[in-house]
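Text of coords23.csv (CSV, C-alpha atoms) as supplied:
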chain,number,residue,atom,x,y,z
E,1,MET,CA,0.0,0.0,0.0
E,2,THR,CA,1.4,3.4,-0.9
E,3,ALA,CA,1.1,6.4,1.3
E,4,ASP,CA,-1.4,9.2,0.4
E,5,VAL,CA,0.7,12.3,0.2
E,6,SER,CA,-2.3,14.6,-0.1
E,7,SER,CA,-3.6,13.2,3.3
E,8,GLY,CA,-0.4,14.3,5.0
E,9,GLU,CA,0.9,10.7,5.6
E,10,ALA,CA,4.7,10.7,5.4
E,11,LEU,CA,6.4,8.5,2.8
E,12,PRO,CA,8.6,5.8,4.1
E,13,GLY,CA,12.2,7.0,4.7
E,14,VAL,CA,11.2,10.7,4.4
E,15,ARG,CA,11.0,13.1,7.3
E,16,PRO,CA,7.7,14.8,7.8
E,17,GLY,CA,7.8,18.3,6.4
E,18,THR,CA,10.6,17.7,3.9
E,19,ARG,CA,10.5,17.2,0.2
E,20,PRO,CA,11.5,13.8,-1.0
E,21,LYS,CA,14.9,13.8,-2.9
E,22,ALA,CA,14.8,13.1,-6.6
E,23,PRO,CA,16.6,10.0,-7.8
E,24,LEU,CA,20.3,10.3,-8.2
E,25,GLY,CA,20.1,9.9,-12.0
E,26,ARG,CA,17.6,12.7,-12.3
E,27,ARG,CA,19.6,15.0,-10.1
E,28,ILE,CA,22.7,14.3,-12.2
E,29,TYR,CA,20.8,14.9,-15.4
E,30,HIS,CA,19.5,18.3,-14.2
E,31,SER,CA,22.8,19.4,-12.7
E,32,PHE,CA,23.9,22.5,-14.6
E,33,VAL,CA,27.6,22.1,-13.7
E,34,LEU,CA,27.7,18.4,-14.6
E,35,ARG,CA,26.0,18.9,-17.9
E,36,ARG,CA,28.6,21.6,-18.8
E,37,LEU,CA,31.4,19.3,-17.7
E,38,VAL,CA,30.1,16.4,-19.8
E,39,ARG,CA,29.6,18.7,-22.8
E,40,SER,CA,33.1,20.1,-22.5
E,41,ALA,CA,34.6,16.6,-22.3
E,42,PHE,CA,32.7,15.5,-25.4
E,43,VAL,CA,33.9,18.6,-27.4
E,44,ILE,CA,37.5,17.9,-26.4
E,45,TRP,CA,37.2,14.2,-27.6
E,46,VAL,CA,35.6,15.3,-30.9
E,47,VAL,CA,38.3,17.9,-31.6
E,48,ALA,CA,41.1,15.5,-30.5
E,49,SER,CA,39.8,12.9,-32.9
E,50,GLY,CA,39.3,15.4,-35.7
E,51,VAL,CA,42.9,16.7,-35.2
E,52,PHE,CA,44.3,13.2,-35.3
E,53,LEU,CA,42.6,12.6,-38.7
E,54,MET,CA,43.4,16.1,-40.1
E,55,VAL,CA,47.2,16.0,-39.5
E,56,ARG,CA,47.4,12.7,-41.4
E,57,LEU,CA,45.7,14.3,-44.4
E,58,LEU,CA,48.7,16.6,-44.8
E,59,PRO,CA,50.7,15.8,-47.9
E,60,GLY,CA,53.7,13.6,-46.9
E,61,ASN,CA,54.7,12.2,-43.5
E,62,PRO,CA,57.7,12.9,-41.2
E,63,VAL,CA,59.8,10.2,-42.9
E,64,ASP,CA,59.1,11.6,-46.4
E,65,VAL,CA,59.8,15.1,-45.3
E,66,TYR,CA,63.1,14.1,-43.7
E,67,ILE,CA,64.2,12.1,-46.8
E,68,ASN,CA,63.4,15.0,-49.2
E,69,GLN,CA,65.3,17.4,-47.0
E,70,GLN,CA,68.4,15.2,-46.9
E,71,ILE,CA,68.3,14.8,-50.7
E,72,ALA,CA,67.7,18.5,-51.4
E,73,LEU,CA,70.2,19.9,-48.8
E,74,TYR,CA,73.0,17.4,-48.8
E,75,GLY,CA,72.6,15.6,-52.1
E,76,LYS,CA,72.2,12.2,-50.6
E,77,SER,CA,70.7,9.3,-52.5
E,78,TYR,CA,67.2,8.1,-51.7
E,79,GLU,CA,68.6,4.9,-50.2
E,80,GLN,CA,71.0,6.7,-47.9
E,81,ALA,CA,68.4,9.1,-46.7
E,82,ALA,CA,65.8,6.3,-46.2
E,83,ALA,CA,68.3,4.3,-44.2
E,84,GLU,CA,69.1,7.3,-42.0
E,85,ALA,CA,65.4,8.0,-41.5
E,86,GLN,CA,64.8,4.4,-40.4
E,87,ASN,CA,67.4,4.8,-37.7
E,88,TYR,CA,66.3,8.3,-36.7
E,89,PHE,CA,62.6,8.0,-36.5
E,90,ARG,CA,60.5,5.7,-34.3
E,91,PHE,CA,57.5,6.5,-36.4
E,92,ASP,CA,56.3,3.8,-38.8
E,93,PRO,CA,54.0,5.2,-41.5
E,94,ALA,CA,52.9,1.6,-42.3
E,95,THR,CA,51.2,1.2,-39.0
E,96,PRO,CA,47.4,0.9,-39.5
E,97,ILE,CA,45.6,4.2,-38.7
E,98,TRP,CA,43.2,2.6,-36.3
E,99,ARG,CA,46.1,1.3,-34.3
E,100,GLN,CA,47.6,4.8,-34.2
E,101,TYR,CA,44.3,6.2,-33.1
E,102,LEU,CA,43.8,3.7,-30.3
E,103,ASP,CA,47.4,4.3,-29.1
E,104,TYR,CA,46.8,8.0,-29.3
E,105,LEU,CA,43.6,7.9,-27.1
E,106,ALA,CA,45.2,5.5,-24.7
E,107,GLY,CA,48.1,7.9,-24.2
E,108,LEU,CA,45.7,10.9,-23.7
E,109,LEU,CA,43.8,8.9,-21.0
E,110,HIS,CA,47.1,8.5,-19.1
E,111,GLY,CA,48.1,12.1,-19.7
E,112,ASP,CA,50.7,11.2,-22.3
E,113,MET,CA,50.7,13.1,-25.5
E,114,GLY,CA,53.5,11.0,-26.9
E,115,THR,CA,57.1,11.7,-28.0
E,116,SER,CA,58.1,14.2,-30.7
E,117,ILE,CA,58.9,12.6,-34.0
E,118,ALA,CA,61.2,15.5,-35.1
E,119,THR,CA,63.2,15.4,-31.9
E,120,PRO,CA,63.3,11.8,-30.7
E,121,GLY,CA,63.5,11.4,-26.9
E,122,VAL,CA,61.7,14.7,-26.2
E,123,THR,CA,58.1,14.4,-25.0
E,124,VAL,CA,55.4,16.6,-26.5
E,125,THR,CA,54.4,17.7,-23.0
E,126,GLY,CA,58.0,18.8,-22.4
E,127,LYS,CA,58.1,20.8,-25.6
E,128,ILE,CA,54.7,22.5,-24.9
E,129,ALA,CA,55.8,23.3,-21.3
E,130,GLN,CA,58.8,25.0,-22.8
E,131,TYR,CA,57.0,27.2,-25.3
E,132,LEU,CA,53.5,27.7,-23.8
E,133,PRO,CA,54.4,30.1,-20.9
E,134,TRP,CA,55.8,32.6,-23.4
E,135,THR,CA,52.5,32.7,-25.3
E,136,LEU,CA,50.5,32.9,-22.1
E,137,TYR,CA,52.6,35.8,-20.9
E,138,SER,CA,52.3,37.9,-24.1
E,139,VAL,CA,48.7,37.0,-24.8
E,140,GLY,CA,47.5,37.2,-21.2
E,141,LEU,CA,49.1,40.6,-20.5
E,142,ALA,CA,47.9,42.0,-23.9
E,143,LEU,CA,44.4,40.7,-23.3
E,144,LEU,CA,44.3,42.3,-19.9
E,145,ILE,CA,45.4,45.6,-21.2
E,146,SER,CA,43.1,45.5,-24.2
E,147,ILE,CA,40.0,44.6,-22.1
E,148,THR,CA,40.7,47.3,-19.5
E,149,ILE,CA,41.1,50.0,-22.1
E,150,GLY,CA,38.2,48.7,-24.2
E,151,LEU,CA,35.8,48.6,-21.3
E,152,ILE,CA,36.7,52.1,-20.1
E,153,PHE,CA,36.3,53.6,-23.6
E,154,GLY,CA,33.1,51.6,-24.1
E,155,MET,CA,31.4,53.1,-21.1
E,156,ILE,CA,32.6,56.6,-22.0
E,157,MET,CA,31.2,56.1,-25.6
E,158,ALA,CA,27.9,54.9,-24.2
E,159,TYR,CA,27.5,57.9,-21.8
E,160,ARG,CA,28.7,60.4,-24.5
E,161,ARG,CA,27.1,59.0,-27.6
E,162,GLY,CA,27.8,61.1,-30.7
E,163,GLY,CA,30.8,62.8,-29.2
E,164,ILE,CA,34.3,63.0,-30.6
E,165,ILE,CA,35.6,60.1,-28.5
E,166,ASP,CA,32.7,58.0,-29.7
E,167,HIS,CA,33.4,58.7,-33.4
E,168,VAL,CA,37.2,58.4,-33.2
E,169,VAL,CA,37.2,55.1,-31.2
E,170,SER,CA,34.5,53.6,-33.4
E,171,ILE,CA,36.4,54.4,-36.6
E,172,VAL,CA,39.9,53.5,-35.4
E,173,GLY,CA,38.7,50.4,-33.5
E,174,SER,CA,36.7,49.1,-36.5
E,175,GLY,CA,39.6,49.7,-38.8
E,176,PHE,CA,42.2,47.8,-36.7
E,177,HIS,CA,39.6,45.0,-36.0
E,178,ALA,CA,39.3,44.5,-39.8
E,179,ILE,CA,43.0,43.9,-40.1
E,180,PRO,CA,44.1,40.3,-39.4
E,181,ASN,CA,46.7,40.2,-36.6
E,182,TYR,CA,49.3,38.5,-38.8
E,183,LEU,CA,48.9,41.3,-41.4
E,184,LEU,CA,49.3,44.0,-38.8
E,185,ALA,CA,52.4,42.3,-37.5
E,186,ILE,CA,53.9,42.4,-41.0
E,187,LEU,CA,53.0,46.0,-41.4
E,188,ILE,CA,54.7,46.8,-38.1
E,189,VAL,CA,57.9,45.2,-39.3
E,190,VAL,CA,57.8,46.7,-42.8
E,191,VAL,CA,56.7,50.2,-41.9
E,192,GLY,CA,58.0,50.7,-38.4
E,193,ALA,CA,61.3,48.8,-38.8
E,194,VAL,CA,62.2,48.9,-42.5
E,195,GLN,CA,60.6,52.1,-43.8
E,196,LEU,CA,60.7,54.5,-40.8
E,197,GLY,CA,63.4,52.8,-38.7
E,198,VAL,CA,61.7,53.7,-35.4
E,199,ILE,CA,61.6,50.0,-34.3
E,200,ASP,CA,64.8,48.1,-33.6
E,201,TYR,CA,63.5,44.9,-34.9
E,202,THR,CA,66.8,43.0,-34.8
E,203,ARG,CA,67.1,43.5,-31.0
E,204,MET,CA,63.4,43.0,-30.2
E,205,ARG,CA,63.2,39.6,-32.0
E,206,GLY,CA,63.1,36.5,-29.8
E,207,ASN,CA,62.1,36.1,-26.2
E,208,VAL,CA,65.2,37.1,-24.2
E,209,SER,CA,68.4,39.0,-25.0
E,210,PRO,CA,71.6,37.1,-25.1
E,211,GLY,CA,73.3,36.8,-21.7
E,212,VAL,CA,70.1,37.5,-19.7
E,213,THR,CA,69.6,34.7,-17.2
E,214,PRO,CA,66.0,33.6,-16.4
E,215,GLU,CA,65.4,34.7,-12.8
E,216,LEU,CA,63.0,36.7,-10.7
E,217,SER,CA,64.7,40.0,-11.1
E,218,LEU,CA,63.8,43.4,-12.5
E,219,ARG,CA,66.4,43.0,-15.3
E,220,PHE,CA,64.9,39.8,-16.5
E,221,LEU,CA,61.3,41.0,-16.3
E,222,SER,CA,62.0,44.2,-18.1
E,223,ASP,CA,63.9,42.3,-20.8
E,224,ILE,CA,61.1,39.8,-21.6
E,225,GLY,CA,58.6,42.6,-21.5
E,226,TYR,CA,60.8,44.5,-24.1
E,227,HIS,CA,60.9,41.4,-26.4
E,228,ALA,CA,57.1,40.8,-26.0
E,229,THR,CA,56.3,44.4,-26.9
E,230,LEU,CA,55.6,43.9,-30.6
E,231,PRO,CA,53.4,40.8,-30.3
E,232,MET,CA,51.5,42.6,-27.5
E,233,ILE,CA,51.0,45.7,-29.5
E,234,THR,CA,49.6,43.6,-32.3
E,235,TYR,CA,47.1,41.8,-30.0
E,236,ILE,CA,46.0,45.0,-28.3
E,237,LEU,CA,45.4,47.0,-31.5
E,238,THR,CA,43.4,44.2,-33.2
E,239,THR,CA,41.1,43.6,-30.2
E,240,VAL,CA,40.7,46.8,-28.2
E,241,GLY,CA,38.3,48.3,-30.6
E,242,THR,CA,36.1,45.2,-30.4
E,243,TRP,CA,35.9,45.4,-26.6
E,244,ALA,CA,35.0,49.1,-26.8
E,245,LEU,CA,32.2,48.6,-29.3
E,246,ILE,CA,30.8,45.6,-27.4
E,247,MET,CA,30.9,47.5,-24.1
E,248,LYS,CA,29.3,50.5,-25.7
E,249,ALA,CA,26.4,48.4,-27.1
E,250,SER,CA,25.9,46.6,-23.8
E,251,THR,CA,26.1,49.7,-21.7
E,252,THR,CA,23.7,51.5,-23.9
E,253,GLN,CA,21.2,48.7,-23.6
E,254,VAL,CA,21.5,48.6,-19.8
E,255,LEU,CA,21.0,52.4,-19.6
E,256,GLY,CA,17.6,52.0,-21.1
E,257,GLU,CA,16.4,49.5,-18.5
E,258,ASP,CA,13.7,50.4,-16.1
E,259,TYR,CA,15.8,49.6,-13.0
E,260,VAL,CA,18.3,52.2,-14.0
E,261,THR,CA,15.6,54.8,-14.4
E,262,VAL,CA,14.2,53.9,-11.0
E,263,ALA,CA,17.6,54.2,-9.4
E,264,LYS,CA,18.0,57.6,-10.9
E,265,ALA,CA,14.5,58.6,-9.7
E,266,ARG,CA,15.4,57.5,-6.2
E,267,GLY,CA,18.3,60.0,-6.2
E,268,LEU,CA,21.1,57.5,-6.0
E,269,LYS,CA,24.6,58.7,-6.7
E,270,GLU,CA,25.7,58.5,-10.3
E,271,SER,CA,28.9,56.6,-9.3
E,272,ARG,CA,26.8,54.0,-7.5
E,273,ILE,CA,24.5,53.6,-10.5
E,274,GLN,CA,27.4,53.2,-12.9
E,275,THR,CA,29.1,50.5,-10.8
E,276,ASN,CA,26.3,48.5,-9.1
E,277,TYR,CA,23.5,48.9,-11.8
E,278,VAL,CA,25.1,49.6,-15.1
E,279,GLY,CA,28.6,48.2,-15.0
E,280,ARG,CA,27.8,44.9,-13.5
E,281,ASN,CA,24.9,44.1,-15.8
E,282,ALA,CA,26.7,45.4,-18.9
E,283,LEU,CA,29.6,43.1,-18.2
E,284,LEU,CA,27.5,39.9,-18.3
E,285,PRO,CA,27.4,39.6,-22.1
E,286,LEU,CA,31.1,40.2,-22.3
E,287,ILE,CA,32.2,37.4,-20.1
E,288,ALA,CA,31.6,34.7,-22.8
E,289,GLN,CA,33.3,36.9,-25.4
E,290,ILE,CA,36.3,37.4,-23.2
E,291,ALA,CA,36.7,33.7,-22.6
E,292,THR,CA,36.3,32.8,-26.2
E,293,GLN,CA,38.7,35.5,-27.4
E,294,ALA,CA,41.3,34.4,-24.9
E,295,GLY,CA,41.3,30.9,-26.3
E,296,PHE,CA,41.4,31.9,-29.9
E,297,ILE,CA,44.2,34.5,-29.5
E,298,VAL,CA,46.3,31.6,-28.2
E,299,GLY,CA,45.5,29.6,-31.2
E,300,GLY,CA,46.0,32.5,-33.6
E,301,ALA,CA,49.4,33.4,-32.3
E,302,ILE,CA,51.1,31.2,-34.8
E,303,PHE,CA,51.5,33.8,-37.5
E,304,VAL,CA,52.3,36.7,-35.1
E,305,GLU,CA,55.0,34.7,-33.3
E,306,GLN,CA,56.4,33.6,-36.6
E,307,THR,CA,56.7,37.2,-37.8
E,308,PHE,CA,58.5,38.4,-34.7
E,309,SER,CA,60.5,35.1,-34.1
E,310,TYR,CA,58.8,34.9,-30.7
E,311,ARG,CA,59.3,31.4,-29.5
E,312,GLY,CA,55.8,30.6,-28.2
E,313,ILE,CA,53.2,27.9,-28.8
E,314,GLY,CA,52.3,29.4,-32.2
E,315,LEU,CA,55.9,29.1,-33.5
E,316,LEU,CA,56.1,25.6,-32.2
E,317,LEU,CA,53.0,24.7,-34.1
E,318,PHE,CA,54.4,26.2,-37.3
E,319,GLU,CA,57.7,24.3,-37.0
E,320,SER,CA,55.9,21.1,-36.2
E,321,ILE,CA,53.7,21.4,-39.3
E,322,ASN,CA,56.7,21.9,-41.5
E,323,THR,CA,58.3,18.7,-40.2
E,324,ARG,CA,55.0,16.8,-40.0
E,325,ASP,CA,55.6,16.1,-36.3
E,326,TYR,CA,52.2,14.5,-35.8
E,327,PRO,CA,52.4,14.1,-32.0
E,328,THR,CA,53.5,17.7,-31.4
E,329,ILE,CA,50.8,19.1,-33.8
E,330,GLN,CA,48.2,17.0,-32.0
E,331,GLY,CA,49.4,18.2,-28.6
E,332,VAL,CA,49.5,21.9,-29.5
E,333,LEU,CA,46.1,21.9,-31.1
E,334,LEU,CA,44.7,19.8,-28.2
E,335,VAL,CA,46.1,22.4,-25.7
E,336,VAL,CA,44.5,25.2,-27.7
E,337,THR,CA,41.2,23.3,-27.8
E,338,ILE,CA,41.3,22.7,-24.0
E,339,THR,CA,42.0,26.4,-23.5
E,340,VAL,CA,39.0,27.5,-25.5
E,341,VAL,CA,36.7,24.8,-23.9
E,342,LEU,CA,37.8,25.6,-20.3
E,343,ALA,CA,37.5,29.3,-20.9
E,344,ASN,CA,33.9,28.9,-22.2
E,345,LEU,CA,33.1,26.5,-19.3
E,346,ALA,CA,34.4,29.2,-16.8
E,347,ALA,CA,32.3,31.8,-18.6
E,348,ASP,CA,29.2,29.7,-18.3
E,349,LEU,CA,29.8,29.1,-14.6
E,350,VAL,CA,30.5,32.7,-13.9
E,351,ASN,CA,27.4,33.8,-15.8
E,352,ALA,CA,25.3,31.3,-13.9
E,353,ALA,CA,26.7,32.6,-10.6
E,354,LEU,CA,26.0,36.2,-11.5
E,355,ASP,CA,22.6,35.5,-13.1
E,356,PRO,CA,20.8,32.5,-11.6
E,357,ARG,CA,18.1,32.8,-14.4
E,358,ILE,CA,20.7,31.2,-16.8
E,359,ARG,CA,20.9,28.1,-14.7
E,360,LEU,CA,17.2,27.9,-13.8
E,361,GLY,CA,16.2,28.6,-17.4
E,362,GLU,CA,17.6,25.2,-18.4
E,363,GLY,CA,15.9,23.4,-15.6
E,364,GLY,CA,19.2,22.8,-13.9
E,365,ALA,CA,20.6,23.1,-10.5
E,366,ALA,CA,24.0,24.2,-9.4

As structure tokens - that is how I would like this structure written.
Amino acid sequence: MTADVSSGEALPGVRPGTRPKAPLGRRIYHSFVLRRLVRSAFVIWVVASGVFLMVRLLPGNPVDVYINQQIALYGKSYEQAAAEAQNYFRFDPATPIWRQYLDYLAGLLHGDMGTSIATPGVTVTGKIAQYLPWTLYSVGLALLISITIGLIFGMIMAYRRGGIIDHVVSIVGSGFHAIPNYLLAILIVVVGAVQLGVIDYTRMRGNVSPGVTPELSLRFLSDIGYHATLPMITYILTTVGTWALIMKASTTQVLGEDYVTVAKARGLKESRIQTNYVGRNALLPLIAQIATQAGFIVGGAIFVEQTFSYRGIGLLLFESINTRDYPTIQGVLLVVTITVVLANLAADLVNAALDPRIRLGEGGAA
């Protein structure tokens, strides 16, 4: 016999006055955080599988590239070059692709991205750990500066629509946004270094000046900042206008909301309205944009770093593609993918924390 809930009789195992808990499977299904985690893991698996197949569609393989280089550069015969390649590489292009894929997934599950083909004995994780911090430094600092400047100018443009700042920032920002970052990098070198001579490109190339030892000192920090200046200028100029225009549109929309009008009618200070009412709500649409942009700038650094000979993750990817270093290409692209996915996951969680309607609108619980 089942208990009659409507009559007030308690269900077995349930305290009177408390709601019975939903089954574990239902709670997991409706969990906002867990659904986001599962979705992120699925995206990473799909991209990892796609990257595995795409790199093998590139013309040639590491062995063929090495043989052709030995023949072209040193005039060796095909037999000599092939014999050297057999001793040099552990990669066997004759291995069935399904076996390569299973080995690849098994390695990823154990946190192993494999060993570089171009540099035997060096792990992909080690190579990425050597190059990635430089990209994170230049991109992260540039993104922080770009967002800060963009948000400030965006709010000024929204409060003073039609003014000179609004027109100038809109025109200049839109113009730089339309230029690809790698093209702007080339223009900086050609115009600033070659034509005008105002940039000492020879000294600014690379990551660190010769003779400077990596250490926590003012000399080292100022030196790496000096070498990262050109990549950072490129990232800032191509993104700051975007943040300003997005912040202007978002702030303008918030200024028209009823709660802002009510706050003004109540006689609240303008500074409090700008921070507590306008600024916070105007930032919500930008969080996802900031997260996505952070990931894609890391991935798009390949051409900028190549132009300035800045040894970051982008330059590593470029060199790996040239040598058909499959494990390194897969590792770099996987790191970029994880960066984008985790950035979007963080944006979703922050948005849900700031605005519970996002979480509740999907029928989920935190």

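The space separating atom CA of Leu237 of chain E from atom CA of Asp348 of chain E comes to 27.1 Å.
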
Can I get the residues of segment 147-255 of chain E within 12 Å of segment 267-274 of chain E, each with the closest pair of atoms and their distance in Å to one decimal, using all atoms listed in the file, sorted chain first then ascending number, as a Markdown table?
| residue | atom | partner | partner_atom | distance |
| --- | --- | --- | --- | --- |
| E:Ile152 | CA | E:Gln274 | CA | 11.8 |
| E:Met155 | CA | E:Gln274 | CA | 9.1 |
| E:Ile156 | CA | E:Gln274 | CA | 11.0 |
| E:Ala158 | CA | E:Gln274 | CA | 11.4 |
| E:Tyr159 | CA | E:Gln274 | CA | 10.1 |
| E:Thr251 | CA | E:Gln274 | CA | 9.6 |
| E:Thr252 | CA | E:Gln274 | CA | 11.7 |
| E:Val254 | CA | E:Gln274 | CA | 10.2 |
| E:Leu255 | CA | E:Gln274 | CA | 9.3 |

Legend entry - Distance in Å - atom CA of Ile67 of chain E versus atom CA of Thr125 of chain E: 26.3 Å

Inset, instruction - For Ile186 of chain E, please output as a PyMOL selection string all residues within 10 Å (counting all atoms listed in the file; exclusion window: fewer than 6 positions along the same chain). - result: chain E and resi 192+234+303-304+307-308

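Taking atom CA of Arg39 of chain E as the reference point, atom CA of Ala346 of chain E is found at 13.0 Å.
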
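Distances from E:Thr238, E:Thr339, E:Gln306, E:Thr119 to Ala142 of chain E were compared using all atoms listed in the file, and the smallest one belongs to E:Thr238.
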
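With all atoms listed in the file as the atoms that count, the minimum distance from Gly241 of chain E to the choices E:Leu218, E:Ala263, E:Met157, E:Val194 is reached by E:Met157.
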
Inset, instruction - Point out the residue among E:Tyr66, E:Val169, E:Asn281, E:Ile338 with the least atom-to-atom distance to Trp45 of chain E, counting only C-alpha atoms. - result: E:Ile338

Inset, instruction - Just the residues within 8 Å of Ile236 of chain E, please, counting all atoms listed in the file, with nothing from its chain fewer than 3 positions along; format it as a VMD selection string. - result: chain E and resid 142 to 143 145 to 146 232 to 233 239 to 240

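Closest approach to Ser138 of chain E among E:Ser250, E:Leu342, E:Ile224, E:Thr242 is made by E:Ile224 (distances from only C-alpha atoms).
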
Distance query segment 318-323 of chain E at most 8 Å, all atoms listed in the file, self and fewer than 5 positions along chain excluded, as an mmCIF file with C-alpha atoms, in the frame of the given file:
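Ended up saving to result34.cif:
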data_model
loop_
_atom_site.group_PDB
_atom_site.id
_atom_site.type_symbol
_atom_site.label_atom_id
_atom_site.label_comp_id
_atom_site.auth_asym_id
_atom_site.auth_seq_id
_atom_site.Cartn_x
_atom_site.Cartn_y
_atom_site.Cartn_z
ATOM 1 C CA PRO E 62 57.700 12.900 -41.200
ATOM 2 C CA VAL E 65 59.800 15.100 -45.300
ATOM 3 C CA TYR E 66 63.100 14.100 -43.700
ATOM 4 C CA ALA E 118 61.200 15.500 -35.100
ATOM 5 C CA ILE E 302 51.100 31.200 -34.800
ATOM 6 C CA GLN E 306 56.400 33.600 -36.600
ATOM 7 C CA THR E 328 53.500 17.700 -31.400
ATOM 8 C CA ILE E 329 50.800 19.100 -33.800
#

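Distances here use all atoms listed in the file; by that measure, the residue among E:Leu34, E:Leu136, E:Ala82, E:Pro327 closest to Asp103 of chain E is E:Pro327.
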
Selection near Arg36 of chain E, 10 Å with all atoms listed in the file, sequence-local residues under 4 positions removed, as a PDB file with C-alpha atoms, in the coordinates of the input:
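part.pdb written:
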ATOM      1  CA  SER E  31      22.800  19.400 -12.700  1.00  0.00           C
ATOM      2  CA  PHE E  32      23.900  22.500 -14.600  1.00  0.00           C
ATOM      3  CA  SER E  40      33.100  20.100 -22.500  1.00  0.00           C
ATOM      4  CA  ALA E  41      34.600  16.600 -22.300  1.00  0.00           C
ATOM      5  CA  PHE E  42      32.700  15.500 -25.400  1.00  0.00           C
ATOM      6  CA  ASN E 344      33.900  28.900 -22.200  1.00  0.00           C
ATOM      7  CA  LEU E 345      33.100  26.500 -19.300  1.00  0.00           C
ATOM      8  CA  ALA E 346      34.400  29.200 -16.800  1.00  0.00           C
ATOM      9  CA  ASP E 348      29.200  29.700 -18.300  1.00  0.00           C
ATOM     10  CA  LEU E 349      29.800  29.100 -14.600  1.00  0.00           C
TER      11      LEU E 349
END

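With all atoms listed in the file as the basis for measurement, E:Gly173 is the residue among E:Gly173, E:Leu221, E:Val336, E:Ile179 that approaches Ile149 of chain E most closely.
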